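Novice: Here you go, work04.cif (mmCIF, C-alpha atoms):
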data_input
loop_
_atom_site.group_PDB
_atom_site.id
_atom_site.type_symbol
_atom_site.label_atom_id
_atom_site.label_comp_id
_atom_site.auth_asym_id
_atom_site.auth_seq_id
_atom_site.Cartn_x
_atom_site.Cartn_y
_atom_site.Cartn_z
ATOM 1 C CA MET A 1 -28.454 -76.217 -91.374
ATOM 2 C CA LYS A 2 -25.728 -75.048 -88.989
ATOM 3 C CA LEU A 3 -22.230 -75.389 -90.403
ATOM 4 C CA GLN A 4 -21.043 -77.230 -87.306
ATOM 5 C CA ASN A 5 -23.240 -80.169 -88.367
ATOM 6 C CA ILE A 6 -20.754 -80.833 -91.143
ATOM 7 C CA PHE A 7 -18.193 -81.888 -88.559
ATOM 8 C CA ARG A 8 -20.367 -84.598 -87.012
ATOM 9 C CA GLY A 9 -19.504 -88.176 -87.864
ATOM 10 C CA LYS A 10 -18.550 -91.555 -86.538
ATOM 11 C CA LYS A 11 -15.511 -91.749 -84.339
ATOM 12 C CA ARG A 12 -12.506 -93.210 -86.096
ATOM 13 C CA GLY A 13 -9.728 -95.400 -84.723
ATOM 14 C CA ARG A 14 -6.295 -94.064 -83.971
ATOM 15 C CA ALA A 15 -3.525 -94.275 -86.570
ATOM 16 C CA LEU A 16 -0.821 -96.914 -86.080
ATOM 17 C CA ALA A 17 2.559 -95.684 -84.917
ATOM 18 C CA THR A 18 5.347 -95.696 -87.520
ATOM 19 C CA PRO A 19 8.013 -98.339 -86.784
ATOM 20 C CA ALA A 20 11.345 -96.883 -85.715
ATOM 21 C CA ASN A 21 13.228 -98.668 -88.519
ATOM 22 C CA VAL A 22 11.139 -97.173 -91.318
ATOM 23 C CA SER A 23 12.658 -94.231 -93.216
ATOM 24 C CA THR A 24 10.915 -91.814 -95.567
ATOM 25 C CA ALA A 25 11.922 -89.956 -98.715
ATOM 26 C CA PRO A 26 10.167 -87.477 -101.036
ATOM 27 C CA LEU A 27 8.056 -89.151 -103.708
ATOM 28 C CA LEU A 28 8.809 -88.676 -107.380
ATOM 29 C CA ASP A 29 6.174 -87.058 -109.600
ATOM 30 C CA ARG A 30 5.357 -90.399 -111.247
ATOM 31 C CA GLN A 31 4.869 -92.014 -107.833
ATOM 32 C CA ILE A 32 2.499 -89.256 -106.728
ATOM 33 C CA GLN A 33 0.536 -89.527 -109.966
ATOM 34 C CA ALA A 34 0.275 -93.319 -109.655
ATOM 35 C CA ALA A 35 -1.057 -92.963 -106.127
ATOM 36 C CA LEU A 36 -3.688 -90.449 -107.235
ATOM 37 C CA VAL A 37 -4.854 -92.667 -110.079
ATOM 38 C CA LYS A 38 -4.990 -95.920 -108.113
ATOM 39 C CA GLY A 39 -6.206 -94.607 -104.752
ATOM 40 C CA LYS A 40 -9.913 -95.136 -104.106
ATOM 41 C CA HIS A 41 -10.296 -93.365 -100.792
ATOM 42 C CA TYR A 42 -8.452 -90.755 -98.719
ATOM 43 C CA GLU A 43 -8.952 -90.495 -94.992
ATOM 44 C CA PRO A 44 -9.516 -87.753 -94.124
ATOM 45 C CA GLN A 45 -10.630 -85.934 -97.254
ATOM 46 C CA GLN A 46 -8.091 -83.396 -98.431
ATOM 47 C CA LEU A 47 -7.692 -80.634 -100.979
ATOM 48 C CA ASN A 48 -4.815 -80.666 -103.444
ATOM 49 C CA ALA A 49 -4.148 -77.356 -105.219
ATOM 50 C CA GLY A 50 -1.710 -75.678 -107.594
ATOM 51 C CA CYS A 51 -1.510 -72.104 -108.867
ATOM 52 C CA GLY A 52 0.542 -69.901 -111.143
ATOM 53 C CA GLN A 53 0.815 -66.485 -112.779
ATOM 54 C CA SER A 54 2.562 -64.758 -115.652
ATOM 55 C CA VAL A 55 2.627 -61.191 -116.918
ATOM 56 C CA GLY A 56 2.287 -62.617 -120.428
ATOM 57 C CA LYS A 57 4.221 -61.595 -123.511
ATOM 58 C CA GLN A 58 2.598 -58.275 -124.399
ATOM 59 C CA ARG A 59 2.016 -56.481 -121.081
ATOM 60 C CA GLU A 60 4.535 -54.488 -119.069
ATOM 61 C CA HIS A 61 3.109 -55.277 -115.635
ATOM 62 C CA ASN A 62 0.741 -57.726 -113.972
ATOM 63 C CA GLU A 63 -2.763 -56.496 -113.069
ATOM 64 C CA ASP A 64 -3.953 -59.956 -111.955
ATOM 65 C CA SER A 65 -4.049 -61.133 -108.329
ATOM 66 C CA LEU A 66 -4.705 -64.610 -106.955
ATOM 67 C CA PHE A 67 -5.093 -66.379 -103.620
ATOM 68 C CA ALA A 68 -4.991 -70.078 -102.731
ATOM 69 C CA PHE A 69 -5.547 -71.496 -99.237
ATOM 70 C CA SER A 70 -6.196 -75.104 -98.170
ATOM 71 C CA ILE A 71 -6.559 -76.660 -94.734
ATOM 72 C CA ALA A 72 -8.239 -79.594 -93.008
ATOM 73 C CA VAL A 73 -10.581 -78.465 -90.218
ATOM 74 C CA GLY A 74 -12.025 -80.890 -87.711
ATOM 75 C CA ASN A 75 -12.223 -82.427 -84.284
ATOM 76 C CA GLU A 76 -11.816 -85.891 -82.814
ATOM 77 C CA THR A 77 -14.896 -87.237 -84.596
ATOM 78 C CA ASN A 78 -14.512 -85.791 -88.062
ATOM 79 C CA SER A 79 -12.274 -83.759 -90.375
ATOM 80 C CA VAL A 80 -13.437 -81.583 -93.247
ATOM 81 C CA PRO A 81 -11.380 -79.918 -96.030
ATOM 82 C CA LEU A 82 -11.638 -76.148 -96.220
ATOM 83 C CA GLY A 83 -10.250 -74.147 -99.115
ATOM 84 C CA LEU A 84 -10.532 -70.646 -100.512
ATOM 85 C CA TYR A 85 -9.318 -69.833 -104.024
ATOM 86 C CA ILE A 86 -9.579 -66.451 -105.775
ATOM 87 C CA VAL A 87 -8.623 -64.949 -109.130
ATOM 88 C CA ALA A 88 -9.040 -61.231 -109.886
ATOM 89 C CA ASP A 89 -8.132 -59.390 -113.093
ATOM 90 C CA GLY A 90 -7.627 -55.628 -112.834
ATOM 91 C CA MET A 91 -9.515 -53.966 -115.661
ATOM 92 C CA GLY A 92 -7.246 -53.049 -118.558
ATOM 93 C CA GLY A 93 -7.415 -49.397 -119.536
ATOM 94 C CA HIS A 94 -8.516 -48.309 -116.069
ATOM 95 C CA GLN A 95 -6.266 -46.527 -113.583
ATOM 96 C CA TYR A 96 -5.021 -48.641 -110.670
ATOM 97 C CA GLY A 97 -6.085 -51.977 -112.170
ATOM 98 C CA GLU A 98 -3.426 -53.855 -110.214
ATOM 99 C CA VAL A 99 -4.365 -52.010 -107.008
ATOM 100 C CA ALA A 100 -8.033 -52.877 -107.535
ATOM 101 C CA SER A 101 -7.428 -56.592 -108.025
ATOM 102 C CA ASN A 102 -5.114 -56.816 -105.018
ATOM 103 C CA ALA A 103 -7.584 -54.954 -102.781
ATOM 104 C CA ALA A 104 -10.426 -57.249 -103.894
ATOM 105 C CA VAL A 105 -8.499 -60.476 -103.258
ATOM 106 C CA ARG A 106 -7.157 -59.396 -99.866
ATOM 107 C CA THR A 107 -10.543 -58.145 -98.700
ATOM 108 C CA VAL A 108 -12.494 -61.256 -99.713
ATOM 109 C CA ALA A 109 -9.842 -63.580 -98.281
ATOM 110 C CA GLY A 110 -9.634 -61.630 -95.035
ATOM 111 C CA ASN A 111 -13.396 -61.516 -94.542
ATOM 112 C CA VAL A 112 -13.978 -65.198 -95.249
ATOM 113 C CA LEU A 113 -11.061 -66.530 -93.214
ATOM 114 C CA ARG A 114 -11.881 -64.316 -90.229
ATOM 115 C CA LYS A 115 -15.346 -65.881 -90.170
ATOM 116 C CA PHE A 116 -13.801 -69.358 -90.241
ATOM 117 C CA LEU A 117 -11.084 -68.624 -87.692
ATOM 118 C CA PRO A 118 -13.258 -69.815 -84.755
ATOM 119 C CA TYR A 119 -13.767 -73.131 -86.612
ATOM 120 C CA ILE A 120 -10.074 -73.498 -87.283
ATOM 121 C CA VAL A 121 -9.367 -73.016 -83.577
ATOM 122 C CA ASN A 122 -12.486 -74.793 -82.273
ATOM 123 C CA PRO A 123 -14.778 -76.580 -84.774
ATOM 124 C CA SER A 124 -17.668 -76.630 -82.274
ATOM 125 C CA GLU A 125 -18.034 -72.830 -82.553
ATOM 126 C CA PRO A 126 -21.182 -71.930 -84.528
ATOM 127 C CA ILE A 127 -21.333 -69.784 -87.672
ATOM 128 C CA ASP A 128 -24.763 -68.248 -88.106
ATOM 129 C CA GLU A 129 -24.368 -67.124 -91.745
ATOM 130 C CA SER A 130 -24.863 -69.435 -94.695
ATOM 131 C CA LEU A 131 -21.896 -69.808 -97.022
ATOM 132 C CA GLN A 132 -23.640 -67.750 -99.703
ATOM 133 C CA GLU A 133 -24.395 -64.964 -97.217
ATOM 134 C CA LEU A 134 -20.796 -65.061 -96.048
ATOM 135 C CA MET A 135 -19.511 -64.733 -99.606
ATOM 136 C CA ARG A 136 -21.939 -61.912 -100.414
ATOM 137 C CA THR A 137 -20.777 -59.951 -97.375
ATOM 138 C CA ALA A 138 -17.143 -60.441 -98.416
ATOM 139 C CA VAL A 139 -17.843 -59.240 -101.972
ATOM 140 C CA ASP A 140 -19.698 -56.164 -100.670
ATOM 141 C CA GLU A 141 -16.681 -55.329 -98.511
ATOM 142 C CA ALA A 142 -14.421 -55.824 -101.531
ATOM 143 C CA GLN A 143 -16.518 -53.361 -103.525
ATOM 144 C CA ARG A 144 -15.971 -50.698 -100.875
ATOM 145 C CA ALA A 145 -12.267 -51.527 -100.633
ATOM 146 C CA VAL A 146 -11.738 -51.224 -104.394
ATOM 147 C CA ILE A 147 -13.561 -47.884 -104.593
ATOM 148 C CA GLN A 148 -11.452 -46.532 -101.743
ATOM 149 C CA ALA A 149 -8.081 -47.953 -102.820
ATOM 150 C CA ALA A 150 -8.402 -47.509 -106.580
ATOM 151 C CA PRO A 151 -10.849 -44.731 -107.498
ATOM 152 C CA GLY A 152 -11.635 -45.092 -111.185
ATOM 153 C CA GLY A 153 -10.222 -48.623 -111.231
ATOM 154 C CA GLY A 154 -12.036 -51.916 -111.420
ATOM 155 C CA THR A 155 -11.501 -55.650 -111.309
ATOM 156 C CA THR A 156 -13.097 -58.985 -111.985
ATOM 157 C CA LEU A 157 -13.454 -61.446 -109.111
ATOM 158 C CA THR A 158 -14.014 -65.196 -109.138
ATOM 159 C CA ALA A 159 -13.794 -66.853 -105.713
ATOM 160 C CA ALA A 160 -14.443 -70.486 -104.776
ATOM 161 C CA LEU A 161 -15.000 -71.495 -101.146
ATOM 162 C CA VAL A 162 -14.744 -75.265 -100.680
ATOM 163 C CA LEU A 163 -16.153 -76.838 -97.529
ATOM 164 C CA GLY A 164 -16.484 -80.606 -97.483
ATOM 165 C CA THR A 165 -17.801 -81.733 -100.847
ATOM 166 C CA GLN A 166 -19.472 -78.422 -101.742
ATOM 167 C CA VAL A 167 -18.063 -75.373 -103.506
ATOM 168 C CA THR A 168 -19.636 -71.918 -103.155
ATOM 169 C CA VAL A 169 -18.682 -69.503 -105.937
ATOM 170 C CA ALA A 170 -18.862 -65.703 -105.941
ATOM 171 C CA HIS A 171 -18.342 -64.203 -109.380
ATOM 172 C CA ILE A 172 -18.360 -60.847 -111.106
ATOM 173 C CA GLY A 173 -16.704 -59.979 -114.428
ATOM 174 C CA ASP A 174 -15.146 -62.353 -116.964
ATOM 175 C CA SER A 175 -12.618 -64.415 -115.059
ATOM 176 C CA ARG A 176 -13.971 -67.970 -114.966
ATOM 177 C CA ALA A 177 -14.545 -71.045 -112.836
ATOM 178 C CA TYR A 178 -14.684 -74.435 -114.585
ATOM 179 C CA ALA A 179 -15.528 -77.957 -113.482
ATOM 180 C CA LEU A 180 -13.376 -80.591 -115.232
ATOM 181 C CA ARG A 181 -14.855 -84.087 -115.237
ATOM 182 C CA PRO A 182 -13.190 -87.429 -116.052
ATOM 183 C CA ASP A 183 -15.220 -87.983 -119.243
ATOM 184 C CA ARG A 184 -13.325 -85.057 -120.841
ATOM 185 C CA ARG A 185 -16.126 -82.603 -120.122
ATOM 186 C CA ILE A 186 -15.041 -79.091 -119.160
ATOM 187 C CA GLU A 187 -18.023 -77.111 -117.891
ATOM 188 C CA ALA A 188 -18.015 -73.344 -117.320
ATOM 189 C CA LEU A 189 -19.592 -72.786 -113.905
ATOM 190 C CA THR A 190 -19.620 -69.008 -114.269
ATOM 191 C CA ARG A 191 -21.204 -66.701 -116.818
ATOM 192 C CA ASP A 192 -19.150 -63.837 -118.266
ATOM 193 C CA HIS A 193 -20.488 -60.367 -117.460
ATOM 194 C CA SER A 194 -19.226 -59.025 -120.770
ATOM 195 C CA LEU A 195 -20.839 -57.225 -123.690
ATOM 196 C CA VAL A 196 -19.968 -59.920 -126.231
ATOM 197 C CA ARG A 197 -21.291 -62.681 -123.972
ATOM 198 C CA ARG A 198 -24.590 -60.811 -123.686
ATOM 199 C CA LEU A 199 -24.763 -60.323 -127.460
ATOM 200 C CA GLU A 200 -24.036 -64.017 -127.888
ATOM 201 C CA GLU A 201 -26.820 -64.964 -125.456
ATOM 202 C CA LEU A 202 -29.238 -62.759 -127.413
ATOM 203 C CA GLY A 203 -28.259 -64.506 -130.648
ATOM 204 C CA GLN A 204 -26.868 -61.343 -132.214
ATOM 205 C CA ILE A 205 -23.363 -62.758 -132.705
ATOM 206 C CA THR A 206 -21.897 -66.262 -132.891
ATOM 207 C CA THR A 207 -19.315 -67.794 -130.554
ATOM 208 C CA GLN A 208 -16.734 -67.443 -133.316
ATOM 209 C CA GLU A 209 -17.596 -63.758 -133.768
ATOM 210 C CA ALA A 210 -17.441 -63.187 -130.009
ATOM 211 C CA ALA A 211 -13.873 -64.528 -129.886
ATOM 212 C CA VAL A 212 -12.613 -61.793 -132.243
ATOM 213 C CA HIS A 213 -15.090 -59.007 -131.439
ATOM 214 C CA PRO A 214 -13.333 -55.616 -130.979
ATOM 215 C CA GLN A 215 -15.281 -55.043 -127.715
ATOM 216 C CA ARG A 216 -14.734 -58.512 -126.248
ATOM 217 C CA ASN A 217 -12.990 -57.024 -123.182
ATOM 218 C CA VAL A 218 -15.831 -54.638 -122.300
ATOM 219 C CA LEU A 219 -17.571 -55.613 -119.036
ATOM 220 C CA TYR A 220 -20.977 -54.513 -117.810
ATOM 221 C CA ARG A 221 -20.301 -55.755 -114.264
ATOM 222 C CA ALA A 222 -17.079 -55.359 -112.282
ATOM 223 C CA LEU A 223 -15.980 -54.545 -108.758
ATOM 224 C CA GLY A 224 -15.392 -50.827 -108.325
ATOM 225 C CA GLN A 225 -17.610 -49.894 -111.269
ATOM 226 C CA GLY A 226 -21.152 -48.619 -110.700
ATOM 227 C CA GLU A 227 -23.199 -48.191 -107.546
ATOM 228 C CA VAL A 228 -25.265 -51.386 -107.805
ATOM 229 C CA LEU A 229 -23.317 -54.612 -107.277
ATOM 230 C CA GLU A 230 -24.872 -57.822 -108.611
ATOM 231 C CA PRO A 231 -22.451 -60.731 -108.177
ATOM 232 C CA ASP A 232 -23.442 -64.273 -109.084
ATOM 233 C CA ILE A 233 -23.291 -66.462 -105.967
ATOM 234 C CA PHE A 234 -24.172 -70.163 -105.994
ATOM 235 C CA THR A 235 -23.285 -73.508 -104.439
ATOM 236 C CA ALA A 236 -22.579 -76.704 -106.376
ATOM 237 C CA PRO A 237 -21.114 -80.163 -105.673
ATOM 238 C CA PHE A 238 -17.348 -80.408 -106.060
ATOM 239 C CA PRO A 239 -16.662 -82.702 -109.053
ATOM 240 C CA GLN A 240 -15.422 -86.064 -107.782
ATOM 241 C CA PRO A 241 -13.393 -87.255 -109.497
ATOM 242 C CA GLY A 242 -12.427 -84.071 -111.257
ATOM 243 C CA TYR A 243 -11.047 -80.585 -110.756
ATOM 244 C CA ILE A 244 -12.096 -76.977 -110.194
ATOM 245 C CA LEU A 245 -10.208 -74.501 -112.381
ATOM 246 C CA LEU A 246 -10.179 -70.731 -111.807
ATOM 247 C CA CYS A 247 -8.490 -68.531 -114.393
ATOM 248 C CA SER A 248 -8.347 -65.069 -115.899
ATOM 249 C CA ASP A 249 -9.077 -64.401 -119.563
ATOM 250 C CA GLY A 250 -5.350 -64.486 -120.240
ATOM 251 C CA LEU A 251 -5.793 -68.265 -120.157
ATOM 252 C CA TRP A 252 -9.322 -69.084 -121.320
ATOM 253 C CA GLY A 253 -9.265 -66.368 -123.991
ATOM 254 C CA VAL A 254 -6.136 -67.859 -125.557
ATOM 255 C CA LEU A 255 -6.336 -71.652 -125.162
ATOM 256 C CA PRO A 256 -9.290 -73.746 -126.427
ATOM 257 C CA GLU A 257 -11.076 -75.717 -123.718
ATOM 258 C CA GLU A 258 -9.988 -79.048 -125.198
ATOM 259 C CA ASP A 259 -6.330 -77.932 -124.978
ATOM 260 C CA ILE A 260 -6.792 -76.906 -121.348
ATOM 261 C CA TYR A 261 -8.214 -80.327 -120.510
ATOM 262 C CA GLN A 262 -5.461 -82.174 -122.378
ATOM 263 C CA ILE A 263 -2.647 -80.198 -120.720
ATOM 264 C CA ILE A 264 -4.049 -80.886 -117.255
ATOM 265 C CA GLY A 265 -4.562 -84.570 -118.013
ATOM 266 C CA GLU A 266 -0.999 -85.002 -119.271
ATOM 267 C CA SER A 267 0.685 -83.189 -116.359
ATOM 268 C CA PRO A 268 2.155 -85.224 -113.477
ATOM 269 C CA ASN A 269 0.708 -82.982 -110.723
ATOM 270 C CA LEU A 270 -1.422 -79.873 -110.261
ATOM 271 C CA GLN A 271 1.415 -77.387 -109.833
ATOM 272 C CA THR A 272 3.084 -78.600 -113.018
ATOM 273 C CA ALA A 273 -0.293 -78.468 -114.778
ATOM 274 C CA CYS A 274 -0.647 -74.781 -113.872
ATOM 275 C CA GLN A 275 2.840 -73.997 -115.167
ATOM 276 C CA ASN A 276 2.183 -75.960 -118.356
ATOM 277 C CA LEU A 277 -1.051 -74.044 -118.950
ATOM 278 C CA ILE A 278 0.768 -70.739 -118.506
ATOM 279 C CA SER A 279 3.557 -71.825 -120.850
ATOM 280 C CA ALA A 280 1.028 -72.850 -123.498
ATOM 281 C CA ALA A 281 -0.790 -69.505 -123.240
ATOM 282 C CA ASN A 282 2.495 -67.636 -123.595
ATOM 283 C CA THR A 283 3.500 -69.812 -126.553
ATOM 284 C CA ALA A 284 0.174 -68.863 -128.159
ATOM 285 C CA GLY A 285 1.108 -65.192 -127.904
ATOM 286 C CA GLY A 286 0.531 -64.323 -124.241
ATOM 287 C CA PRO A 287 -1.578 -61.231 -125.070
ATOM 288 C CA ASP A 288 -2.675 -60.666 -121.452
ATOM 289 C CA ASN A 289 -1.752 -61.426 -117.865
ATOM 290 C CA ILE A 290 -2.360 -65.070 -116.971
ATOM 291 C CA SER A 291 -3.607 -66.433 -113.633
ATOM 292 C CA VAL A 292 -4.676 -69.994 -112.895
ATOM 293 C CA VAL A 293 -5.677 -72.012 -109.824
ATOM 294 C CA LEU A 294 -6.381 -75.762 -110.080
ATOM 295 C CA VAL A 295 -7.996 -77.689 -107.211
ATOM 296 C CA GLN A 296 -8.713 -81.385 -106.639
ATOM 297 C CA LEU A 297 -10.707 -82.954 -103.785
ATOM 298 C CA LEU A 298 -9.274 -86.278 -102.674
ATOM 299 C CA GLY A 299 -11.559 -88.503 -100.661
#
Written as structure tokens, how would this file's structure read?

Specialist:
Amino acid sequence: MKLQNIFRGKKRGRALATPANVSTAPLLDRQIQAALVKGKHYEPQQLNAGCGQSVGKQREHNEDSLFAFSIAVGNETNSVPLGLYIVADGMGGHQYGEVASNAAVRTVAGNVLRKFLPYIVNPSEPIDESLQELMRTAVDEAQRAVIQAAPGGGTTLTAALVLGTQVTVAHIGDSRAYALRPDRRIEALTRDHSLVRRLEELGQITTQEAAVHPQRNVLYRALGQGEVLEPDIFTAPFPQPGYILLCSDGLWGVLPEEDIYQIIGESPNLQTACQNLISAANTAGGPDNISVVLVQLLG
């Protein structure tokens, strides 16, 4: 199916003009939260996102990189949310880890957004590639960019491209993408490309043993490492209601999943939720760099 078909829909009426005697003021956090809880429908659909980073408590510099971009793309008959969110973790112990993660994020973001630029300007312009093909091309370009910019370096990459109600994920390494659902389920959408995860899948170690394994940071897939690149690329429905969470292992490796869910649920908005998650990870020791992106689809 051509991507321009997404923009087809019934023509909507024009918005009413705002009366001249009506004034506006910024909403308080509690007012925003009340609106999100009570609202049943948003017209048009829109993406709400927050993000945050910290060097942590035990590292001297930050080898993580992140990217968060949200926009509504459409024409007079329809409007569709478009978002691109990326987390990359430069591989500890490798030269140029921070250079590798930055090159990967910039390359993927540049490739994807250049493909969508004609849509942003004119939504009737066709895109011949599928979203998964588009993401694979971007990851291949990122592999070349990392090898050139950071020889000997490497990085994880977890990228989520949201278009309408679908999210297409490209993943390599052990940063993670989660779906958070309203029944307190937190589901890992990605699979770690790590040695301990593989041993766990083979039944050779338990989940508890994996958490404290001395080689838990060893990856068997990463950008910039090896000649054959095998990213995981898939498309899934965006959880509605719910959230998409992207994070480096500085978050998921420190906080239990139930704590992550509770912190998000108790925060007044997504940006505050990201800062609260980072604060909790640092309070728990902050052994690594921390990156987090939290996204909600309203509609």

Novice: Work out how far atom CA of Ala149 of chain A is from atom CA of Ser291 of chain A, in Å to one decimal.

Specialist: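 According to the coordinates, atom CA of Ser291 of chain A and atom CA of Ala149 of chain A are separated by 21.9 Å.
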
Novice: Mind checking which residues fall within 8 Å of Phe67 of chain A, counting all atoms listed in the file, ignoring those fewer than 2 positions away in the same chain, and posting them as a PyMOL selection string?

Specialist: chain A and resi 65+69+84-87+105+109

Novice: Counting all atoms listed in the file, which residues of segment 230-262 of chain A sit at most 6 Å from some atom of segment 177-191 of chain A, and what is each one's closest atom pair with its distance in Å to one decimal, listed by chain and rising residue number, as a tab-separated table?

Specialist:
residue	atom	partner	partner_atom	distance
A:Gly242	CA	A:Arg181	CA	4.7
A:Tyr243	CA	A:Leu180	CA	5.0
A:Ile244	CA	A:Ala179	CA	4.9
A:Leu245	CA	A:Tyr178	CA	5.0
A:Leu246	CA	A:Ala177	CA	4.5

Novice: May I have the selected residues written with C-alpha atoms, as a PDB file, in the coordinates of the input?

Specialist:
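Below you can see selection-v9.pdb, which holds the result:
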ATOM      1  CA  GLY A 242     -12.427 -84.071-111.257  1.00  0.00           C
ATOM      2  CA  TYR A 243     -11.047 -80.585-110.756  1.00  0.00           C
ATOM      3  CA  ILE A 244     -12.096 -76.977-110.194  1.00  0.00           C
ATOM      4  CA  LEU A 245     -10.208 -74.501-112.381  1.00  0.00           C
ATOM      5  CA  LEU A 246     -10.179 -70.731-111.807  1.00  0.00           C
TER       6      LEU A 246
END

Novice: Mind checking which residues fall within 12 Å of Val254 of chain A, counting all atoms listed in the file, ignoring those fewer than 4 positions away in the same chain, and posting them as a ChimeraX atom specification?

Specialist: /A:56,211-212,247-250,258-260,277-290

Novice: Tell me which protein, DNA and RNA residues are within 12 Å of Arg221 of chain A, counting all atoms listed in the file, leaving out same-chain ones fewer than 6 positions away, and put them as a count of residues only.

Specialist: 24

Novice: I'd like the neighbourhood of Glu141 of chain A as a ChimeraX atom specification, where a residue qualifies if any of its atoms comes within 12 Å (using only C-alpha atoms), though same-chain residues fewer than 3 positions away should be ignored.

Specialist: /A:103-112,134-138,144-148,223-224,229
